[in-house]
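Engineer: Dropping a structure here in structure tokens format, bear with me for questions.
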Protein chains: 4
Amino acid sequence: MSIKKGDYVLLLSEDGKTYLLEVKEERFHTHKDCVFLGDLIGKDYGEVITGKNNRRFYVLRPTLHDFLIKVDRLTQIIYPKDIGYILLKLGVGPGKTVLECGCGSGALTTAFAYMVGDSGKVISYEKEERFLKLAQKNISRLNLSDRVEFKLREVKDAFDESEVDAVFLDVKEPWILVKPAWNALKAGAPIGILVPTTNQISLTLKELFTTGFAQVEVVEILLRKYKTNPERIRPEDRMVAHTGFLIFAKKVKNERSSDTG
Amino acid sequence: MSIKKGDYVLLLSEDGKTYLLEVKEERFHTHKDCVFLGDLIGKDYGEVITGKNNRRFYVLRPTLHDFLIKVDRLTQIIYPKDIGYILLKLGVGPGKTVLECGCGSGALTTAFAYMVGDSGKVISYEKEERFLKLAQKNISRLNLSDRVEFKLREVKDAFDESEVDAVFLDVKEPWILVKPAWNALKAGAPIGILVPTTNQISLTLKELFTTGFAQVEVVEILLRKYKTNPERIRPEDRMVAHTGFLIFAKKVKNERSSDTG
Amino acid sequence: MSIKKGDYVLLLSEDGKTYLLEVKEERFHTHKDCVFLGDLIGKDYGEVITGKNNRRFYVLRPTLHDFLIKVDRLTQIIYPKDIGYILLKLGVGPGKTVLECGCGSGALTTAFAYMVGDSGKVISYEKEERFLKLAQKNISRLNLSDRVEFKLREVKDAFDESEVDAVFLDVKEPWILVKPAWNALKAGAPIGILVPTTNQISLTLKELFTTGFAQVEVVEILLRKYKTNPERIRPEDRMVAHTGFLIFAKKVKNERSSDTG
Amino acid sequence: MSIKKGDYVLLLSEDGKTYLLEVKEERFHTHKDCVFLGDLIGKDYGEVITGKNNRRFYVLRPTLHDFLIKVDRLTQIIYPKDIGYILLKLGVGPGKTVLECGCGSGALTTAFAYMVGDSGKVISYEKEERFLKLAQKNISRLNLSDRVEFKLREVKDAFDESEVDAVFLDVKEPWILVKPAWNALKAGAPIGILVPTTNQISLTLKELFTTGFAQVEVVEILLRKYKTNPERIRPEDRMVAHTGFLIFAKKVKNERSSDTG
């Protein structure tokens with residue numbers, strides 16, 4: 001189980017900085033030191049390596065959380081605090097089929113792909129090619145590319161899919177996609193939506209209620225980090241105060257439309 | 001894909017209450033009405049059924065989140081806001097082997113079992129038989145019992161396992177189990193710990209630092225719900241202010257012990 | 001400095017409940033015991049009295065905070081966490097003249113009256129007589145009635161006052177009163193506004209920007225209580241999650257209106 | 001009521017920055033422009049002045065909040081969110097006598113001095129001369145120096161005062177000063193204490209309980225700012241996550257000491 005070329009490692013410096021790196025025959029430079037990554041091959045995770053300037057680095061095994069936090073990014077990413085909750089609310093696990101619209105830098109896409117396993121599938125619509133390419137690159141680091149089908153397209157009226165297990169929307173005007181999402185979902189299945197502003201919450205809720213969704217929930221999640229000196233336990237001085245509001249609901253039969261349909 | 005006997009449904013009443021129920025030939029009574037659950041057989045999720053007193057209920061598809069929130073409980077449960085984050089920090093997904101100590105009512109155990117898939121495994125130590133039985137019952141609702149091995153035992157010195165992908169501790173004195181956890185973990189792999197008080201954070205951190213763990217993080221996660229009237233967006237009046245602090249770290253080579261070993 | 005008839009005391013029971021009471025020749029009944037308040041006369045604050053059933057009560061000196069929390073109430077009150085911040089933002093202290101519209105149960109009015117001292121003044125507009133009466137009663141407990149002028153009236157176009165040091169609005173549609181407030185304020189002086197919903201924030205901000213206000217700030221304040229067992233430091237389980245959003249700004253010359261005026 | 005030499009003004013730039021300045025015959029340079037402060041003399045608050053580079057500045061009237069936020073600082077200051085609550089819990093208003101130990105940069109001292117009025121008094125102990133001098137300078141800006149008596153001294157056993165209305169401690173080891181504070185306070189009167197860590201909460205609580213204090217409360221206060229675009233209401237991205245924990249209690253008769261005394 002020792003480290004091989006092509007594996008990813010998380011280097012932790014003495015001053016607490018972390019670096020997610022692919023192992024290859026190259027040097028890696030921090031501000032203060034330099035390590036030759038090829039030296040890691042054959043070592044075990046958890047060991048210490050020493051840079052040219054004698055600084056020590058722990059060689060850690062990256063978990064899903066590290067990959068999510070360290071995605072290359074062109075956009076505001078969805079944070080792990082939110083991603084974890086989204087997984088549970090949407091029930092995204094082995095074997096599920098999930099549709100998302102707006103992949104951004106691919107953090108959430110990565111988590112979906114990780115959790116659906118080999119028997120599941122992620123479909124991801126994105127209108128901007130540079131975001132799509134970036135998300136693909138980020139996902140390839142975990143060798144999960146086979147589980148994701150990207151579609152470079154702006155959706156206005158309909159998704160191609162039907163009977164999916166869950167839908168997630170991360171676009172500027174999600175209310176436009178509520179009806180298409182309803183059509184793509186299995187009966188009774190969940191939708192999740194991320195919006196940064198309360199004005200968007202209002203518009204989205206109105207559309208959810210009229211389209212045929214129930215068990216509507218709006219939440220925000222705050223993560224507060226603590227310093228780790230056992231003699232001086234206290235929260236860190238500053239924190240991320242806002243990333244977005246999360247809206248969840250489940251598809252129900254639309255009684256109005258069924259009158260006419 | 002219509003509802004069958006033995007399936008679970010989530011009934012949502014007009015006043016917003018939800019009930020997680022197994023479908024069988026029985027009546028279910030709320031304070032105000034009564035529905036015959038056998039009537040659900042053959043119906044589709046998302047439909048509406050009407051009780052004897054003409055109250056209407058949506059028949060929703062329960063997601064993992066619903067099962068977690070609705071576990072039968074004898075203890076304070078770990079909440080979804082925390083469970084989601086734990087999954088990411090520990091990298092618990094398809095194929096992983098996870099060890100937990102202290103299953104409580106089994107909410108976290110359920111989530112672990114759900115995510116590891118058919119190829120993964122959960123080992124759960126619990127010293128109180130009534131908690132263990134309850135956790136087993138809760139997990140059986142999702143047909144995940146095969147993925148969990150329970151061990152009725154108070155651990156003091158050692159777990160039976162080695163080379164597990166992740167460990168989670170939810171016990172009163174987790175510092176006692178830090179060394180056994182270190183021994184059970186793969187090199188570089190993550191541990192998670194839940195404690196309700198800051199005094200416990202101090203004691204746990206000291207043990208983590210001396211045993212051989214790095215990338216130590218202490219966090220708390222707050223979930224704030226909003227009312228869903230689009231014309232009056234505002235947080236709910238009250239919220240859960242505290243469930244517990246989460247501590248995470250990764251196993252590294254213990255340099256002191258390796259001197260003598 | 002011992003306790004006299006007519007003074008207010010705060011009784012603290014062994015199980016942590018507090019009671020704000022006027023000292024007179026009467027009995028006071030809790031669920032579990034009964035004390036004769038006349039016995040307090042001549043005692044000192046900080047002493048212990050014993051009820052008929054042998055329960056002990058501390059006799060504490062009520063501070064402004066106790067009076068605010070214990071106002072008789074017909075409405076949601078403004079909480080001390082918000083009141084304290086309002087005082088500083090509006091600069092309400094000795095000698096100031098403050099105008100408020102919407103006194104509710106009078107908690108904020110009480111704090112204003114306390115802080116302006118004998119040389120200051122509070123003007124309070126309220127359209128509902130029962131609120132006005134209640135606020136008057138609450139303020140009389142601290143002997144501050146002389147400092148407050150109540151006006152039973154719904155304001156639509158104008159306040160009677162001009163050149164006041166600060167204005168505070170706690171009404172359903174504060175945007176209607178932004179222009180009247182501007183007219184009542186001294187040049188450069190501050191306004192504070194409380195609204196429970198984000199929809200109201202939007203409407204209020206628009207009016208502030210067009211009327212002639214600058215240094216606009218919107219905040220919310222959260223108070224989290226901790227349990228007081230030194231061996232088990234942790235936040236309380238639940239907390240007040242929302243009371244209202246606070247909006248502050250300062251009057252500036254309105255350049256548009258001055259073009260035409 | 002126009003602006004005079006020696007007055008303080010708050011300049012607000014177009015990009016939202018604020019500057020607290022004394023009006024005198026001098027230039028003031030921002031990164032991008034320069035204004036001659038002497039030009040403000042005779043102007044009214046709320047007007048606009050234009051810099052040499054044509055940038056516009058609002059001339060605002062500073063409130064107590066502005067003075068507190070803009071104190072010159074050598075230390076972490078106590079924030080307005082906390083100061084406001086402290087005022088209410090300690091009942092600091094016109095005519096009161098307040099004792100503080102540890103003035104830091106003088107933000108809380110300034111608020112105390114502002115609120116006690118001409119008939120009240122603040123006594124402030126500080127062991128470091130440079131902090132004391134700085135606090136004096138900050139307080140002089142509001143012409144409140146006469147209300148504060150500074151004492152350059154490290155207190156270990158006793159304060160000089162007795163029968164004070166309230167005490168506030170902002171020192172590293174406040175538990176050492178709990179007994180001296182008890183002796184200085186009026187019967188039944190309140191104490192407030194600020195500590196940054198939970199370890200300090202534990203030690204302080206133990207001392208409060210054994211010395212003779214009741215109605216003990218531990219809280220933390222969080223202030224969250226919102227962006228002010230009416231079409232995009234949302235919290236700001238980042239916030240101050242921690243300044244300190246506040247502990248409050250009231251002096252009661254110490255039954256143990258009274259046995260022997």
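Letters A, B, ... mark the chains of the structure tokens in the order given; residue numbers begin at 1 per chain; ligand numbers begin at 1, in order shown.
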Ala135 in chain B: which residues within 8 Å, counting only C-alpha atoms, same-chain residues fewer than 6 positions away excluded, as a PyMOL selection string?
Structural biologist: chain B and resi 103-107+109
Engineer: Residues of chain A that have any atom at most 9 Å from an atom of chain C: could you tabulate them with the shortest-distance atom pair and the distance in Å to one decimal, using only C-alpha atoms, ordered by chain and increasing number, as a Markdown table?
Structural biologist:
```
| residue | atom | partner | partner_atom | distance |
| --- | --- | --- | --- | --- |
| A:Thr198 | CA | C:Thr198 | CA | 6.8 |
| A:Asn199 | CA | C:Asn199 | CA | 7.6 |
| A:Ser202 | CA | C:Asn199 | CA | 8.7 |
```
Engineer: Could I have chain C as a tab-separated table (two decimals) with C-alpha atoms, in the first residue's frame after it is superimposed on chain B by least squares, pairing all C-alpha atoms in sequence order?
Structural biologist:
```tsv
chain	number	residue	atom	x	y	z
C	1	MET	CA	-42.19	1.57	-9.36
C	2	SER	CA	-45.38	1.88	-7.38
C	3	ILE	CA	-45.45	1.40	-3.62
C	4	LYS	CA	-45.32	-2.16	-2.30
C	5	LYS	CA	-46.02	-3.74	1.05
C	6	GLY	CA	-42.93	-3.40	3.26
C	7	ASP	CA	-41.77	-0.19	1.60
C	8	TYR	CA	-41.29	2.91	3.72
C	9	VAL	CA	-43.17	6.11	2.97
C	10	LEU	CA	-43.02	9.60	4.45
C	11	LEU	CA	-46.48	11.03	5.03
C	12	LEU	CA	-46.63	14.84	5.07
C	13	SER	CA	-49.72	16.35	6.69
C	14	GLU	CA	-51.32	19.66	5.77
C	15	ASP	CA	-49.86	21.26	8.89
C	16	GLY	CA	-46.34	20.24	7.93
C	17	LYS	CA	-45.80	17.19	10.15
C	18	THR	CA	-44.01	14.18	8.68
C	19	TYR	CA	-44.38	10.50	9.59
C	20	LEU	CA	-42.00	7.75	8.45
C	21	LEU	CA	-44.06	4.57	8.12
C	22	GLU	CA	-43.77	1.02	6.88
C	23	VAL	CA	-46.54	0.12	4.47
C	24	LYS	CA	-48.69	-2.71	5.83
C	25	GLU	CA	-52.33	-3.59	6.31
C	26	GLU	CA	-52.79	-1.34	9.34
C	27	ARG	CA	-54.26	1.97	10.33
C	28	PHE	CA	-52.09	4.92	11.26
C	29	HIS	CA	-53.49	7.50	13.66
C	30	THR	CA	-52.40	11.11	13.90
C	31	HIS	CA	-53.90	13.41	16.52
C	32	LYS	CA	-56.51	14.57	14.08
C	33	ASP	CA	-57.07	11.86	11.53
C	34	CYS	CA	-56.52	8.25	10.54
C	35	VAL	CA	-55.31	6.66	7.30
C	36	PHE	CA	-55.32	2.99	6.27
C	37	LEU	CA	-51.75	2.29	5.18
C	38	GLY	CA	-52.82	-0.69	3.05
C	39	ASP	CA	-54.44	1.81	0.68
C	40	LEU	CA	-50.96	3.02	-0.31
C	41	ILE	CA	-50.08	-0.27	-2.00
C	42	GLY	CA	-50.03	0.21	-5.75
C	43	LYS	CA	-50.10	3.99	-5.47
C	44	ASP	CA	-47.23	6.12	-6.71
C	45	TYR	CA	-45.00	8.33	-4.55
C	46	GLY	CA	-45.98	11.99	-4.72
C	47	GLU	CA	-49.72	11.31	-4.65
C	48	VAL	CA	-52.18	12.53	-2.07
C	49	ILE	CA	-54.24	10.32	0.21
C	50	THR	CA	-57.15	11.45	2.31
C	51	GLY	CA	-57.80	10.38	5.89
C	52	LYS	CA	-61.15	9.39	7.41
C	53	ASN	CA	-61.60	12.99	8.60
C	54	ASN	CA	-60.81	14.40	5.17
C	55	ARG	CA	-57.33	15.60	5.97
C	56	ARG	CA	-54.91	15.26	3.07
C	57	PHE	CA	-51.43	13.74	3.24
C	58	TYR	CA	-48.69	13.73	0.65
C	59	VAL	CA	-47.08	10.31	0.18
C	60	LEU	CA	-43.39	11.12	-0.14
C	61	ARG	CA	-40.36	9.00	-0.90
C	62	PRO	CA	-38.12	9.04	2.18
C	63	THR	CA	-34.51	9.95	1.45
C	64	LEU	CA	-31.53	9.04	3.62
C	65	HIS	CA	-32.05	12.31	5.49
C	66	ASP	CA	-35.58	11.33	6.49
C	67	PHE	CA	-34.43	7.95	7.78
C	68	LEU	CA	-31.68	9.63	9.83
C	69	ILE	CA	-33.95	12.23	11.39
C	70	LYS	CA	-36.64	9.65	12.12
C	71	VAL	CA	-34.53	6.93	13.75
C	72	ASP	CA	-36.11	5.55	16.88
C	73	ARG	CA	-33.95	7.02	19.59
C	74	LEU	CA	-32.82	6.34	23.13
C	75	THR	CA	-29.98	8.81	22.95
C	76	GLN	CA	-29.11	12.20	21.55
C	77	ILE	CA	-28.52	11.39	17.89
C	78	ILE	CA	-25.83	12.76	15.60
C	79	TYR	CA	-27.57	15.20	13.28
C	80	PRO	CA	-27.47	15.19	9.48
C	81	LYS	CA	-25.64	18.56	9.49
C	82	ASP	CA	-22.76	16.73	11.23
C	83	ILE	CA	-23.15	13.36	9.51
C	84	GLY	CA	-22.75	14.86	6.05
C	85	TYR	CA	-19.53	16.58	7.02
C	86	ILE	CA	-18.22	13.45	8.75
C	87	LEU	CA	-18.73	11.42	5.56
C	88	LEU	CA	-16.59	13.84	3.58
C	89	LYS	CA	-13.84	14.24	6.18
C	90	LEU	CA	-13.57	10.47	6.60
C	91	GLY	CA	-14.01	9.81	2.89
C	92	VAL	CA	-16.71	7.23	3.60
C	93	GLY	CA	-18.02	6.03	0.25
C	94	PRO	CA	-18.44	2.85	-1.81
C	95	GLY	CA	-16.01	0.09	-0.89
C	96	LYS	CA	-14.65	1.60	2.30
C	97	THR	CA	-14.25	-0.12	5.66
C	98	VAL	CA	-15.25	2.07	8.60
C	99	LEU	CA	-14.96	1.35	12.29
C	100	GLU	CA	-17.11	3.22	14.81
C	101	CYS	CA	-17.21	2.97	18.58
C	102	GLY	CA	-20.45	4.01	20.27
C	103	CYS	CA	-23.35	3.47	17.89
C	104	GLY	CA	-25.94	5.31	19.99
C	105	SER	CA	-29.26	5.01	18.21
C	106	GLY	CA	-27.53	4.21	14.95
C	107	ALA	CA	-28.06	7.36	12.89
C	108	LEU	CA	-24.42	7.69	11.89
C	109	THR	CA	-24.12	3.91	11.51
C	110	THR	CA	-27.03	4.02	9.06
C	111	ALA	CA	-25.38	6.73	6.99
C	112	PHE	CA	-22.09	4.84	6.93
C	113	ALA	CA	-23.85	1.63	5.86
C	114	TYR	CA	-25.75	3.48	3.13
C	115	MET	CA	-22.62	5.05	1.67
C	116	VAL	CA	-20.15	2.13	1.75
C	117	GLY	CA	-22.32	0.17	-0.66
C	118	ASP	CA	-22.32	-3.60	-1.12
C	119	SER	CA	-18.56	-3.76	-1.37
C	120	GLY	CA	-17.87	-1.80	1.84
C	121	LYS	CA	-18.25	-2.62	5.51
C	122	VAL	CA	-19.07	-0.98	8.84
C	123	ILE	CA	-17.83	-2.37	12.15
C	124	SER	CA	-19.65	-0.93	15.16
C	125	TYR	CA	-18.61	-1.42	18.79
C	126	GLU	CA	-21.23	-0.70	21.45
C	127	LYS	CA	-21.18	-1.60	25.14
C	128	GLU	CA	-24.92	-1.24	25.82
C	129	GLU	CA	-27.12	-3.95	24.40
C	130	ARG	CA	-30.24	-1.80	24.20
C	131	PHE	CA	-28.45	0.75	22.01
C	132	LEU	CA	-27.04	-1.97	19.79
C	133	LYS	CA	-30.47	-3.55	19.33
C	134	LEU	CA	-32.04	-0.22	18.55
C	135	ALA	CA	-29.36	0.65	16.01
C	136	GLN	CA	-29.88	-2.72	14.34
C	137	LYS	CA	-33.59	-2.09	14.10
C	138	ASN	CA	-33.08	1.37	12.62
C	139	ILE	CA	-30.63	0.05	10.02
C	140	SER	CA	-32.89	-2.82	9.02
C	141	ARG	CA	-35.48	-0.33	7.75
C	142	LEU	CA	-33.16	0.49	4.85
C	143	ASN	CA	-32.18	-3.15	4.33
C	144	LEU	CA	-28.58	-2.34	5.17
C	145	SER	CA	-28.06	-4.87	7.98
C	146	ASP	CA	-25.67	-7.02	5.94
C	147	ARG	CA	-23.21	-4.18	5.72
C	148	VAL	CA	-22.78	-3.71	9.49
C	149	GLU	CA	-21.03	-5.98	11.96
C	150	PHE	CA	-21.99	-5.09	15.53
C	151	LYS	CA	-19.79	-6.00	18.49
C	152	LEU	CA	-21.34	-5.82	21.94
C	153	ARG	CA	-18.31	-4.90	24.01
C	154	GLU	CA	-16.66	-2.08	25.92
C	155	VAL	CA	-13.33	-1.38	24.30
C	156	LYS	CA	-10.44	-0.37	26.54
C	157	ASP	CA	-7.21	-1.49	24.96
C	158	ALA	CA	-7.69	-2.58	21.40
C	159	PHE	CA	-10.06	-3.03	18.51
C	160	ASP	CA	-9.97	-6.35	16.63
C	161	GLU	CA	-9.43	-4.67	13.29
C	162	SER	CA	-6.45	-3.23	11.50
C	163	GLU	CA	-5.95	-1.35	8.25
C	164	VAL	CA	-9.44	0.21	8.33
C	165	ASP	CA	-10.09	3.24	6.13
C	166	ALA	CA	-11.56	5.40	8.87
C	167	VAL	CA	-12.52	5.43	12.56
C	168	PHE	CA	-15.25	7.38	14.31
C	169	LEU	CA	-15.53	7.68	18.10
C	170	ASP	CA	-18.70	8.74	19.90
C	171	VAL	CA	-18.03	7.83	23.53
C	172	LYS	CA	-17.71	9.73	26.81
C	173	GLU	CA	-13.96	9.44	27.12
C	174	PRO	CA	-12.65	9.23	23.58
C	175	TRP	CA	-9.08	9.96	24.67
C	176	ILE	CA	-8.91	6.39	26.01
C	177	LEU	CA	-9.56	5.08	22.51
C	178	VAL	CA	-7.19	7.27	20.57
C	179	LYS	CA	-4.31	4.79	20.77
C	180	PRO	CA	-6.51	1.78	19.88
C	181	ALA	CA	-7.86	3.82	16.96
C	182	TRP	CA	-4.34	4.62	15.79
C	183	ASN	CA	-3.56	0.91	15.76
C	184	ALA	CA	-6.70	0.05	13.81
C	185	LEU	CA	-6.20	2.69	11.10
C	186	LYS	CA	-4.38	2.47	7.80
C	187	ALA	CA	-1.30	4.66	7.50
C	188	GLY	CA	-2.34	8.26	6.88
C	189	ALA	CA	-6.05	7.51	7.35
C	190	PRO	CA	-8.59	9.75	9.10
C	191	ILE	CA	-10.25	9.66	12.52
C	192	GLY	CA	-13.36	11.59	13.56
C	193	ILE	CA	-14.53	12.20	17.13
C	194	LEU	CA	-17.68	13.80	18.56
C	195	VAL	CA	-17.66	15.44	22.01
C	196	PRO	CA	-20.27	17.74	23.55
C	197	THR	CA	-18.00	19.81	25.84
C	198	THR	CA	-14.89	21.93	25.44
C	199	ASN	CA	-13.27	20.17	28.39
C	200	GLN	CA	-13.42	16.97	26.35
C	201	ILE	CA	-11.89	18.76	23.37
C	202	SER	CA	-8.85	19.63	25.50
C	203	LEU	CA	-8.32	16.09	26.74
C	204	THR	CA	-8.81	14.59	23.29
C	205	LEU	CA	-6.44	16.99	21.57
C	206	LYS	CA	-3.67	16.24	24.03
C	207	GLU	CA	-3.99	12.52	23.34
C	208	LEU	CA	-4.12	13.00	19.58
C	209	PHE	CA	-0.94	15.05	19.56
C	210	THR	CA	1.03	12.58	21.69
C	211	THR	CA	-0.24	9.45	19.93
C	212	GLY	CA	0.68	10.41	16.39
C	213	PHE	CA	-2.01	12.34	14.54
C	214	ALA	CA	-1.69	15.39	12.32
C	215	GLN	CA	-3.93	17.77	10.32
C	216	VAL	CA	-6.02	18.16	13.46
C	217	GLU	CA	-9.25	20.14	13.02
C	218	VAL	CA	-11.95	21.08	15.53
C	219	VAL	CA	-15.24	22.42	14.17
C	220	GLU	CA	-18.84	22.92	15.01
C	221	ILE	CA	-21.64	23.06	12.45
C	222	LEU	CA	-24.78	25.13	12.82
C	223	LEU	CA	-27.93	24.59	10.78
C	224	ARG	CA	-30.41	27.43	10.56
C	225	LYS	CA	-33.82	26.87	9.03
C	226	TYR	CA	-35.84	29.53	7.25
C	227	LYS	CA	-39.58	29.94	6.98
C	228	THR	CA	-40.85	29.28	3.47
C	229	ASN	CA	-43.32	32.10	2.85
C	230	PRO	CA	-41.88	33.84	-0.25
C	231	GLU	CA	-43.26	37.21	0.87
C	232	ARG	CA	-41.74	36.96	4.33
C	233	ILE	CA	-38.31	35.32	4.12
C	234	ARG	CA	-36.80	35.03	7.59
C	235	PRO	CA	-35.06	32.46	9.79
C	236	GLU	CA	-37.19	30.39	12.11
C	237	ASP	CA	-37.52	31.75	15.64
C	238	ARG	CA	-35.52	29.08	17.38
C	239	MET	CA	-32.80	26.63	16.42
C	240	VAL	CA	-30.66	23.84	17.76
C	241	ALA	CA	-27.68	25.76	19.17
C	242	HIS	CA	-25.42	22.86	20.00
C	243	THR	CA	-25.12	19.16	19.38
C	244	GLY	CA	-21.41	18.56	19.65
C	245	PHE	CA	-17.95	19.53	18.56
C	246	LEU	CA	-16.30	17.49	15.81
C	247	ILE	CA	-12.60	16.65	15.94
C	248	PHE	CA	-10.77	15.25	12.93
C	249	ALA	CA	-7.18	14.15	12.38
C	250	LYS	CA	-5.07	11.76	10.33
C	251	LYS	CA	-2.78	9.00	11.53
C	252	VAL	CA	0.92	9.71	11.13
C	253	LYS	CA	3.98	7.78	12.14
C	254	ASN	CA	4.59	8.29	15.83
C	255	GLU	CA	8.19	9.36	15.99
C	256	ARG	CA	8.59	8.91	19.71
C	257	SER	CA	7.24	5.38	19.77
C	258	SER	CA	9.29	4.49	16.71
C	259	ASP	CA	12.45	5.53	18.58
C	260	THR	CA	11.90	2.81	21.09
C	261	GLY	CA	10.11	0.35	18.80
```
Engineer: Go through range 132-231 of chain A and collect every residue that DSSP, computed from the backbone, puts in strand (DSSP E); the answer should be as a PyMOL selection string.
Structural biologist: chain A and resi 148-152+166-169+190-195+213-226
Engineer: For the residues in the current selection, export N, CA and C atoms as a short mmCIF file (atom, residue, chain, number, x, y, z; two decimals), in the first residue's frame.
Structural biologist:
```cif
data_model
loop_
_atom_site.label_atom_id
_atom_site.label_comp_id
_atom_site.auth_asym_id
_atom_site.auth_seq_id
_atom_site.Cartn_x
_atom_site.Cartn_y
_atom_site.Cartn_z
N VAL A 148 -19.39 10.30 -14.72
CA VAL A 148 -20.03 11.59 -15.00
C VAL A 148 -20.19 11.82 -16.49
N GLU A 149 -21.42 12.14 -16.90
CA GLU A 149 -21.67 12.54 -18.28
C GLU A 149 -21.91 14.04 -18.32
N PHE A 150 -21.00 14.78 -18.93
CA PHE A 150 -21.15 16.23 -19.03
C PHE A 150 -21.91 16.59 -20.29
N LYS A 151 -22.73 17.62 -20.22
CA LYS A 151 -23.44 18.13 -21.39
C LYS A 151 -23.25 19.64 -21.46
N LEU A 152 -22.54 20.07 -22.48
CA LEU A 152 -22.25 21.49 -22.65
C LEU A 152 -23.45 22.17 -23.32
N ALA A 166 -32.48 12.19 -8.27
CA ALA A 166 -32.33 13.49 -7.60
C ALA A 166 -31.82 14.52 -8.61
N VAL A 167 -32.18 15.78 -8.35
CA VAL A 167 -31.71 16.89 -9.19
C VAL A 167 -31.11 17.96 -8.29
N PHE A 168 -30.00 18.56 -8.73
CA PHE A 168 -29.45 19.71 -8.02
C PHE A 168 -29.21 20.85 -9.00
N LEU A 169 -29.66 22.06 -8.62
CA LEU A 169 -29.53 23.24 -9.47
C LEU A 169 -28.61 24.27 -8.81
N PRO A 190 -36.31 13.91 -4.66
CA PRO A 190 -35.88 15.21 -4.12
C PRO A 190 -35.13 16.10 -5.12
N ILE A 191 -35.30 17.40 -4.92
CA ILE A 191 -34.53 18.42 -5.62
C ILE A 191 -33.78 19.26 -4.59
N GLY A 192 -32.61 19.72 -4.95
CA GLY A 192 -31.85 20.65 -4.13
C GLY A 192 -31.43 21.83 -4.97
N ILE A 193 -31.38 23.02 -4.36
CA ILE A 193 -31.07 24.24 -5.10
C ILE A 193 -30.20 25.13 -4.22
N LEU A 194 -29.17 25.71 -4.81
CA LEU A 194 -28.34 26.67 -4.07
C LEU A 194 -28.52 28.06 -4.64
N VAL A 195 -28.79 29.03 -3.76
CA VAL A 195 -28.86 30.44 -4.19
C VAL A 195 -28.17 31.31 -3.15
N PHE A 213 -44.22 20.74 -5.82
CA PHE A 213 -43.21 20.23 -4.88
C PHE A 213 -43.74 20.40 -3.45
N ALA A 214 -43.37 19.47 -2.59
CA ALA A 214 -43.78 19.56 -1.18
C ALA A 214 -42.57 19.30 -0.29
N GLN A 215 -42.80 19.32 1.03
CA GLN A 215 -41.71 19.17 2.03
C GLN A 215 -40.57 20.15 1.70
N VAL A 216 -40.95 21.40 1.50
CA VAL A 216 -39.98 22.43 1.13
C VAL A 216 -39.21 22.89 2.37
N GLU A 217 -37.92 22.94 2.24
CA GLU A 217 -37.05 23.37 3.35
C GLU A 217 -36.02 24.36 2.84
N VAL A 218 -35.81 25.44 3.60
CA VAL A 218 -34.74 26.38 3.28
C VAL A 218 -33.81 26.44 4.49
N VAL A 219 -32.53 26.23 4.26
CA VAL A 219 -31.57 26.25 5.37
C VAL A 219 -30.28 26.97 4.96
N GLU A 220 -29.54 27.35 5.99
CA GLU A 220 -28.14 27.72 5.74
C GLU A 220 -27.30 26.99 6.79
N ILE A 221 -26.09 26.69 6.42
CA ILE A 221 -25.20 25.91 7.28
C ILE A 221 -23.94 26.73 7.54
N LEU A 222 -23.59 26.82 8.81
CA LEU A 222 -22.41 27.59 9.20
C LEU A 222 -21.39 26.65 9.82
N LEU A 223 -20.15 26.80 9.39
CA LEU A 223 -19.07 25.99 9.93
C LEU A 223 -18.13 26.91 10.69
N ARG A 224 -17.87 26.56 11.94
CA ARG A 224 -17.00 27.39 12.76
C ARG A 224 -15.83 26.55 13.22
N LYS A 225 -14.63 27.02 12.90
CA LYS A 225 -13.43 26.28 13.26
C LYS A 225 -12.88 26.76 14.60
N TYR A 226 -12.26 25.83 15.31
CA TYR A 226 -11.64 26.16 16.60
C TYR A 226 -10.13 26.01 16.51
#
```
